[in-house]
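Heads up: the structure comes next, in structure tokens.
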There are 2 protein chains.
Amino acid sequence: MPLSPRVPELGALELLLAVARLGSVGRAAAELGVSQPAASARIKGMERQIGVPLLERSPRGSRPTETGRVVVEWARNVVEAAQALDAGIDALRERRDARLTVVASLTVAEYLMPGWLLALHQVSPDTSVILRTANSADVASHVLAGDADLGFVEGPTTPPGLAGAVVAADRLVVVVAPSHPWARRRTPLTGAELAATPLVLREPGSGTREVLEQALAPYGGATTPRLELASSTALKAAAMTGAGPVCLSELAVTEELATRRLVAVPVDVDLARPLRAVWPAGHRPAGPARVLLGLTRKQ
Amino acid sequence: MPLSPRVPELGALELLLAVARLGSVGRAAAELGVSQPAASARIKGMERQIGVPLLERSPRGSRPTETGRVVVEWARNVVEAAQALDAGIDALRERRDARLTVVASLTVAEYLMPGWLLALHQVSPDTSVILRTANSADVASHVLAGDADLGFVEGPTTPPGLAGAVVAADRLVVVVAPSHPWARRRTPLTGAELAATPLVLREPGSGTREVLEQALAPYGGATTPRLELASSTALKAAAMTGAGPVCLSELAVTEELATRRLVAVPVDVDLARPLRAVWPAGHRPAGPARVLLGLTRKQ
DNA sequence: AGAGGGGCATAGGGCCAGGCTATGTCCTCA
DNA sequence: TGAGGACATAGCCTGGCCCTATGCCCCTCT
């Protein structure tokens, strides 16, 4: 589903937010470091693109119109996601002046790090972070070797030689399209039912696959999957097009569940997978690592 | 906090997602309707901007590198928010061939409509929607007059002459910065405590203000606010900079709560505010209105 | 009443990002 | 060894965006 050409660019959205916040095109222009005419033209271009006036101009400043306010809120979501991306990108760049090095498993890096990085930046703006990704075993060895100040791993145990704390819990969920009969199901699926159902899954060897096999072992293990796909995205797409029940990480589908593009089926089996922060045993995190750790702690 | 110039544009992010999905720069270029060299150059530019290789090129196609996969997930959030904006913009444009007209209160339009519109588009791509915003009273009159097929209002009752169903529940929350003492509070605030605390609030006359007054009436009503601000954004900013406890709509702060840039304080008072879909009594929604209604129903 | 200032719009000119076509290089497979 | 798929390079062009300068409007202060 390609984005229509009617969507303003990030710069324009950011400008719109600044105008809404500051109450004046000129001030917004100054804050973003462009000239007032440039900002004015850009807003006007955006209004032409959308086909709806967004600002009420007056000699005393500019305020969003009613529809403008709505667009501003929508734009805010885009810009906030872009800020998360920005924070992430910044952490991926290797920089000599960097102070805090973190190595995280893919799930943590993909779904949780951006928010944490943003929060950290707000608390201590001068801390720069280097983010590396690795599988759980490599995370452990990086932290042990002192390559990283803090690690994040998935799995039930803390690797030997490390101390750690659970910071969040991922959980596998079974999701279906809203049109699927299970979408209206109230009574939880039993382990036996789940084990007997051909599911759409990640390929063997993936972390999610392991958790599922372990959870269903008491019921004779899962039956042959209906389909095996290589990425969470492919799984989501399969679920939405009605390919049948899909089992994947909850973190990958929060958005789809919130908007009900996908529906979670209640399940009677524990599919939780704790996410841990780890550090060398005996070396309690200090400084920026400690701050970050505090931000990630489960509420 | 201006976005750094290192953030790729929406078009580039979309291209990256397409490459990751299709496994080839050329195919992604074709899907987005640009030439292969253009796509290639754009990806390369993005890698230069970020400072990290994103794709593993091979003579048989391109796959994201490890860090590429992480960036892809981050980019997906941005593009999905942009798609929600796109769907919203599309619904704001008046179009002659439009089939379904919806009028919603500001809260619903801002925070819930985009997801619903996306979901509707996926279920029935040919339905085009016109979205108008109004306060709850005007929503009722528009729906009664037949100007709109479906309305969404906030408030405890269904307006006279209309039938309706609760589709979601907004709720006021008290939020503080993570550094605030209340952030670690476990025992819920009592109504009396809340009534005695000077809060940061929206201006008088706002919907949230009404709900709060009503909920705190048994405790003698809320004390004089510490600060009155004109927008949810201003409230959030105030909360983050530690201006004290802020009371606002839960829907406005889901993101901040999830990433712990803000923390919700448990409260012992019911601050719920139901959101209803409404239609003319006796005229059960049919066609696209019925589909949309089904998508919005609370899980 | 007039001057000044804040705020937005218009005009004219310049720059560069990104697009296109054509072509090159590399690998794989028949 | 030749064909085909996939990405990179070269050269050129267009248009979007930005800047400075200026105009118009309204409010406020003197």
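Letters A, B, ... mark the chains of the structure tokens in the order given; residue numbers begin at 1 per chain; ligand numbers begin at 1, in order shown.
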Contacts of Ala237 of chain A at 12 Å or less, counting only C-alpha atoms (C1' of nucleotides), minus same-chain residues fewer than 3 places along, as a list in words? Met1, Val175, Val176, Ala177, Val200, Leu229, Ala230, Ser231, Ser232, Thr233, Ala234, Met240, Thr241, Gly242, Ala243, Gly244, Pro245, Val246, Ala252, Val253, Glu256, Arg261 and Leu262 of chain A; Arg21 and Gln122 of chain B
Just the selected residues (C-alpha atoms), exported as a PDB file, in the first residue's frame, please.
```pdb
ATOM      1  CA  MET A   1       0.000   0.000   0.000  1.00  0.00           C
ATOM      2  CA  VAL A 175      -3.815 -13.222  16.490  1.00  0.00           C
ATOM      3  CA  VAL A 176      -6.398 -13.452  13.743  1.00  0.00           C
ATOM      4  CA  ALA A 177      -8.112 -11.059  11.365  1.00  0.00           C
ATOM      5  CA  VAL A 200       1.316 -19.569  10.885  1.00  0.00           C
ATOM      6  CA  LEU A 229       7.457 -17.099   7.243  1.00  0.00           C
ATOM      7  CA  ALA A 230      10.704 -15.228   7.752  1.00  0.00           C
ATOM      8  CA  SER A 231       9.662 -11.970   9.391  1.00  0.00           C
ATOM      9  CA  SER A 232       7.156 -10.496  11.771  1.00  0.00           C
ATOM     10  CA  THR A 233       5.911  -8.323   8.975  1.00  0.00           C
ATOM     11  CA  ALA A 234       5.142 -11.265   6.784  1.00  0.00           C
ATOM     12  CA  MET A 240      -4.604  -9.692   8.107  1.00  0.00           C
ATOM     13  CA  THR A 241      -5.324 -11.449   4.849  1.00  0.00           C
ATOM     14  CA  GLY A 242      -6.942 -14.268   6.764  1.00  0.00           C
ATOM     15  CA  ALA A 243      -4.281 -16.937   6.384  1.00  0.00           C
ATOM     16  CA  GLY A 244      -5.381 -18.351   9.731  1.00  0.00           C
ATOM     17  CA  PRO A 245      -4.226 -17.977  13.323  1.00  0.00           C
ATOM     18  CA  VAL A 246      -0.752 -16.496  13.630  1.00  0.00           C
ATOM     19  CA  ALA A 252       5.176  -6.667  17.121  1.00  0.00           C
ATOM     20  CA  VAL A 253       1.430  -6.194  17.004  1.00  0.00           C
ATOM     21  CA  GLU A 256      -2.568  -3.564  15.041  1.00  0.00           C
ATOM     22  CA  ARG A 261      -6.794  -4.591  12.427  1.00  0.00           C
ATOM     23  CA  LEU A 262      -5.847  -7.777  14.250  1.00  0.00           C
TER      24      LEU A 262
ATOM     25  CA  ARG B  21       9.547  -6.619   1.869  1.00  0.00           C
ATOM     26  CA  GLN B 122      -8.182  -2.704   4.605  1.00  0.00           C
TER      27      GLN B 122
END
```
Interface, chain A side, toward chain B (7 Å; only C-alpha atoms) as a ChimeraX atom specification: /A:2-4,7,9-10,32,50-52,70,73-75,77-78,81-83,85-86,89,93,109-110,115-116,119,259-261,295
For a quick test of understanding: name the residues of chain D lying within 10 Å of chain A when counting only C-alpha atoms (C1' of nucleotides), and present them as a PDB file with all heavy atoms, in the first residue's frame.
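Writing done, so here's part_10.pdb:
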```
ATOM      1  P    DC D  17       8.881  21.324  -1.370  1.00  0.00           P
ATOM      2  OP1  DC D  17       8.659  20.127  -0.538  1.00  0.00           O
ATOM      3  OP2  DC D  17       7.770  22.223  -1.728  1.00  0.00           O
ATOM      4  O5'  DC D  17      10.021  22.184  -0.686  1.00  0.00           O
ATOM      5  C5'  DC D  17      11.338  21.669  -0.595  1.00  0.00           C
ATOM      6  C4'  DC D  17      12.297  22.805  -0.363  1.00  0.00           C
ATOM      7  O4'  DC D  17      12.569  23.468  -1.613  1.00  0.00           O
ATOM      8  C3'  DC D  17      11.755  23.883   0.575  1.00  0.00           C
ATOM      9  O3'  DC D  17      12.599  23.958   1.724  1.00  0.00           O
ATOM     10  C2'  DC D  17      11.771  25.155  -0.253  1.00  0.00           C
ATOM     11  C1'  DC D  17      12.760  24.828  -1.352  1.00  0.00           C
ATOM     12  N1   DC D  17      12.531  25.567  -2.626  1.00  0.00           N
ATOM     13  C2   DC D  17      13.608  26.206  -3.248  1.00  0.00           C
ATOM     14  O2   DC D  17      14.723  26.128  -2.740  1.00  0.00           O
ATOM     15  N3   DC D  17      13.401  26.885  -4.408  1.00  0.00           N
ATOM     16  C4   DC D  17      12.179  26.936  -4.940  1.00  0.00           C
ATOM     17  N4   DC D  17      12.020  27.601  -6.071  1.00  0.00           N
ATOM     18  C5   DC D  17      11.059  26.292  -4.311  1.00  0.00           C
ATOM     19  C6   DC D  17      11.285  25.623  -3.179  1.00  0.00           C
ATOM     20  P    DC D  18      12.312  24.993   2.851  1.00  0.00           P
ATOM     21  OP1  DC D  18      12.528  24.263   4.112  1.00  0.00           O
ATOM     22  OP2  DC D  18      11.024  25.668   2.601  1.00  0.00           O
ATOM     23  O5'  DC D  18      13.470  26.052   2.695  1.00  0.00           O
ATOM     24  C5'  DC D  18      14.791  25.633   2.356  1.00  0.00           C
ATOM     25  C4'  DC D  18      15.595  26.857   2.007  1.00  0.00           C
ATOM     26  O4'  DC D  18      15.332  27.196   0.626  1.00  0.00           O
ATOM     27  C3'  DC D  18      15.193  28.082   2.822  1.00  0.00           C
ATOM     28  O3'  DC D  18      16.268  28.589   3.585  1.00  0.00           O
ATOM     29  C2'  DC D  18      14.733  29.104   1.818  1.00  0.00           C
ATOM     30  C1'  DC D  18      15.217  28.584   0.495  1.00  0.00           C
ATOM     31  N1   DC D  18      14.227  28.872  -0.579  1.00  0.00           N
ATOM     32  C2   DC D  18      14.631  29.646  -1.690  1.00  0.00           C
ATOM     33  O2   DC D  18      15.798  30.038  -1.756  1.00  0.00           O
ATOM     34  N3   DC D  18      13.718  29.923  -2.655  1.00  0.00           N
ATOM     35  C4   DC D  18      12.472  29.465  -2.535  1.00  0.00           C
ATOM     36  N4   DC D  18      11.619  29.763  -3.510  1.00  0.00           N
ATOM     37  C5   DC D  18      12.060  28.684  -1.413  1.00  0.00           C
ATOM     38  C6   DC D  18      12.957  28.410  -0.462  1.00  0.00           C
ATOM     39  P    DC D  19      16.013  29.835   4.545  1.00  0.00           P
ATOM     40  OP1  DC D  19      16.776  29.591   5.765  1.00  0.00           O
ATOM     41  OP2  DC D  19      14.554  30.087   4.624  1.00  0.00           O
ATOM     42  O5'  DC D  19      16.657  31.053   3.737  1.00  0.00           O
ATOM     43  C5'  DC D  19      17.867  30.865   3.007  1.00  0.00           C
ATOM     44  C4'  DC D  19      18.212  32.160   2.286  1.00  0.00           C
ATOM     45  O4'  DC D  19      17.488  32.202   1.033  1.00  0.00           O
ATOM     46  C3'  DC D  19      17.796  33.395   3.066  1.00  0.00           C
ATOM     47  O3'  DC D  19      18.831  34.342   3.185  1.00  0.00           O
ATOM     48  C2'  DC D  19      16.644  33.981   2.290  1.00  0.00           C
ATOM     49  C1'  DC D  19      16.782  33.413   0.906  1.00  0.00           C
ATOM     50  N1   DC D  19      15.432  33.112   0.351  1.00  0.00           N
ATOM     51  C2   DC D  19      15.027  33.710  -0.852  1.00  0.00           C
ATOM     52  O2   DC D  19      15.803  34.462  -1.433  1.00  0.00           O
ATOM     53  N3   DC D  19      13.782  33.441  -1.320  1.00  0.00           N
ATOM     54  C4   DC D  19      12.973  32.615  -0.637  1.00  0.00           C
ATOM     55  N4   DC D  19      11.761  32.380  -1.139  1.00  0.00           N
ATOM     56  C5   DC D  19      13.379  32.008   0.578  1.00  0.00           C
ATOM     57  C6   DC D  19      14.599  32.280   1.046  1.00  0.00           C
ATOM     58  P    DT D  20      18.571  35.598   4.199  1.00  0.00           P
ATOM     59  OP1  DT D  20      19.823  35.786   4.954  1.00  0.00           O
ATOM     60  OP2  DT D  20      17.306  35.406   4.918  1.00  0.00           O
ATOM     61  O5'  DT D  20      18.372  36.814   3.202  1.00  0.00           O
ATOM     62  C5'  DT D  20      19.250  36.986   2.092  1.00  0.00           C
ATOM     63  C4'  DT D  20      18.725  38.096   1.202  1.00  0.00           C
ATOM     64  O4'  DT D  20      17.543  37.630   0.496  1.00  0.00           O
ATOM     65  C3'  DT D  20      18.298  39.364   1.951  1.00  0.00           C
ATOM     66  O3'  DT D  20      18.761  40.507   1.246  1.00  0.00           O
ATOM     67  C2'  DT D  20      16.782  39.286   1.980  1.00  0.00           C
ATOM     68  C1'  DT D  20      16.478  38.543   0.685  1.00  0.00           C
ATOM     69  N1   DT D  20      15.227  37.739   0.718  1.00  0.00           N
ATOM     70  C2   DT D  20      14.313  37.877  -0.288  1.00  0.00           C
ATOM     71  O2   DT D  20      14.446  38.632  -1.233  1.00  0.00           O
ATOM     72  N3   DT D  20      13.197  37.077  -0.155  1.00  0.00           N
ATOM     73  C4   DT D  20      12.931  36.199   0.874  1.00  0.00           C
ATOM     74  O4   DT D  20      11.904  35.538   0.889  1.00  0.00           O
ATOM     75  C5   DT D  20      13.934  36.116   1.903  1.00  0.00           C
ATOM     76  C7   DT D  20      13.753  35.187   3.061  1.00  0.00           C
ATOM     77  C6   DT D  20      15.033  36.881   1.793  1.00  0.00           C
ATOM     78  P    DC D  25      -3.920  46.486   2.709  1.00  0.00           P
ATOM     79  OP1  DC D  25      -5.073  46.119   1.866  1.00  0.00           O
ATOM     80  OP2  DC D  25      -3.474  47.902   2.839  1.00  0.00           O
ATOM     81  O5'  DC D  25      -4.156  45.918   4.168  1.00  0.00           O
ATOM     82  C5'  DC D  25      -4.146  44.496   4.385  1.00  0.00           C
ATOM     83  C4'  DC D  25      -4.011  44.229   5.859  1.00  0.00           C
ATOM     84  O4'  DC D  25      -2.624  44.343   6.249  1.00  0.00           O
ATOM     85  C3'  DC D  25      -4.789  45.217   6.734  1.00  0.00           C
ATOM     86  O3'  DC D  25      -5.689  44.497   7.540  1.00  0.00           O
ATOM     87  C2'  DC D  25      -3.724  45.922   7.552  1.00  0.00           C
ATOM     88  C1'  DC D  25      -2.579  44.913   7.537  1.00  0.00           C
ATOM     89  N1   DC D  25      -1.232  45.502   7.704  1.00  0.00           N
ATOM     90  C2   DC D  25      -0.405  45.034   8.736  1.00  0.00           C
ATOM     91  O2   DC D  25      -0.802  44.128   9.470  1.00  0.00           O
ATOM     92  N3   DC D  25       0.833  45.593   8.897  1.00  0.00           N
ATOM     93  C4   DC D  25       1.236  46.570   8.083  1.00  0.00           C
ATOM     94  N4   DC D  25       2.444  47.081   8.275  1.00  0.00           N
ATOM     95  C5   DC D  25       0.397  47.064   7.035  1.00  0.00           C
ATOM     96  C6   DC D  25      -0.818  46.518   6.876  1.00  0.00           C
ATOM     97  P    DC D  26      -6.923  45.226   8.206  1.00  0.00           P
ATOM     98  OP1  DC D  26      -8.092  44.359   7.972  1.00  0.00           O
ATOM     99  OP2  DC D  26      -6.931  46.655   7.798  1.00  0.00           O
ATOM    100  O5'  DC D  26      -6.552  45.149   9.747  1.00  0.00           O
ATOM    101  C5'  DC D  26      -6.155  43.896  10.288  1.00  0.00           C
ATOM    102  C4'  DC D  26      -5.354  44.132  11.537  1.00  0.00           C
ATOM    103  O4'  DC D  26      -4.068  44.684  11.198  1.00  0.00           O
ATOM    104  C3'  DC D  26      -6.001  45.129  12.513  1.00  0.00           C
ATOM    105  O3'  DC D  26      -6.100  44.505  13.772  1.00  0.00           O
ATOM    106  C2'  DC D  26      -5.042  46.305  12.542  1.00  0.00           C
ATOM    107  C1'  DC D  26      -3.721  45.641  12.174  1.00  0.00           C
ATOM    108  N1   DC D  26      -2.734  46.563  11.576  1.00  0.00           N
ATOM    109  C2   DC D  26      -1.422  46.607  12.108  1.00  0.00           C
ATOM    110  O2   DC D  26      -1.141  45.875  13.051  1.00  0.00           O
ATOM    111  N3   DC D  26      -0.528  47.462  11.548  1.00  0.00           N
ATOM    112  C4   DC D  26      -0.889  48.239  10.520  1.00  0.00           C
ATOM    113  N4   DC D  26       0.025  49.060  10.003  1.00  0.00           N
ATOM    114  C5   DC D  26      -2.203  48.203   9.973  1.00  0.00           C
ATOM    115  C6   DC D  26      -3.090  47.359  10.529  1.00  0.00           C
ATOM    116  P    DC D  27      -7.112  45.108  14.840  1.00  0.00           P
ATOM    117  OP1  DC D  27      -8.088  44.046  15.115  1.00  0.00           O
ATOM    118  OP2  DC D  27      -7.560  46.457  14.417  1.00  0.00           O
ATOM    119  O5'  DC D  27      -6.178  45.278  16.111  1.00  0.00           O
ATOM    120  C5'  DC D  27      -5.206  44.269  16.406  1.00  0.00           C
ATOM    121  C4'  DC D  27      -4.029  44.926  17.092  1.00  0.00           C
ATOM    122  O4'  DC D  27      -3.281  45.692  16.129  1.00  0.00           O
ATOM    123  C3'  DC D  27      -4.423  45.896  18.207  1.00  0.00           C
ATOM    124  O3'  DC D  27      -3.907  45.409  19.435  1.00  0.00           O
ATOM    125  C2'  DC D  27      -3.799  47.231  17.805  1.00  0.00           C
ATOM    126  C1'  DC D  27      -2.755  46.831  16.769  1.00  0.00           C
ATOM    127  N1   DC D  27      -2.516  47.847  15.715  1.00  0.00           N
ATOM    128  C2   DC D  27      -1.243  48.424  15.596  1.00  0.00           C
ATOM    129  O2   DC D  27      -0.346  48.074  16.374  1.00  0.00           O
ATOM    130  N3   DC D  27      -1.026  49.356  14.621  1.00  0.00           N
ATOM    131  C4   DC D  27      -2.019  49.691  13.802  1.00  0.00           C
ATOM    132  N4   DC D  27      -1.762  50.606  12.852  1.00  0.00           N
ATOM    133  C5   DC D  27      -3.328  49.123  13.904  1.00  0.00           C
ATOM    134  C6   DC D  27      -3.530  48.217  14.868  1.00  0.00           C
TER     135       DC D  27
END
```
Any idea which chain C residues end up within 12 Å of chain B if we count only C-alpha atoms (C1' of nucleotides), as number ranges by chain please? C: 17-23, 25-29
Any chance you can output those residues with C-alpha atoms (C1' of nucleotides) as a PDB file, in the first residue's frame?
```
ATOM      1  C1'  DA C  17      18.147  16.862  -4.276  1.00  0.00           C
ATOM      2  C1'  DG C  18      16.170  13.643  -6.763  1.00  0.00           C
ATOM      3  C1'  DG C  19      14.504  11.911 -11.186  1.00  0.00           C
ATOM      4  C1'  DC C  20      15.319   9.911 -15.902  1.00  0.00           C
ATOM      5  C1'  DT C  21      17.841   7.434 -19.718  1.00  0.00           C
ATOM      6  C1'  DA C  22      21.714   4.974 -21.160  1.00  0.00           C
ATOM      7  C1'  DT C  23      25.320   2.164 -20.061  1.00  0.00           C
ATOM      8  C1'  DT C  25      29.866  -4.480 -14.025  1.00  0.00           C
ATOM      9  C1'  DC C  26      29.155  -8.624 -11.692  1.00  0.00           C
ATOM     10  C1'  DC C  27      27.272 -12.912 -10.722  1.00  0.00           C
ATOM     11  C1'  DT C  28      24.466 -17.064 -11.838  1.00  0.00           C
ATOM     12  C1'  DC C  29      22.539 -20.376 -14.563  1.00  0.00           C
TER      13       DC C  29
END
```
Residue set, segment 7-59 of chain B restricted to helix (DSSP H, G or I), as a ChimeraX atom specification: /B:10-22,25-32,36-50
Counting only C-alpha atoms (C1' of nucleotides), what is within 12 Å of Asp268 of chain A, bar same-chain residues fewer than 5 positions away, as a VMD selection string? chain A and resid 173 to 174 186 to 195 215 to 216
Find the distance between atom CA of Val139 of chain A and atom CA of Ala286 of chain A and write it in Å to one decimal.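 Between these atoms lies a distance of 19.0 Å.
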At what distance in Å, to one decimal, does atom CA of Ala29 of chain B lie from atom CA of Leu16 of chain B?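 Interatomic distance here is 10.0 Å.
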Can you tell me, as a count of residues only, which residues in segment 86-298 of chain B count as strand (DSSP E) by DSSP? 52
Any idea what the distance is between atom CA of Gly164 of chain B and atom CA of Trp279 of chain B?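 Here the two named atoms are 6.1 Å from each other.
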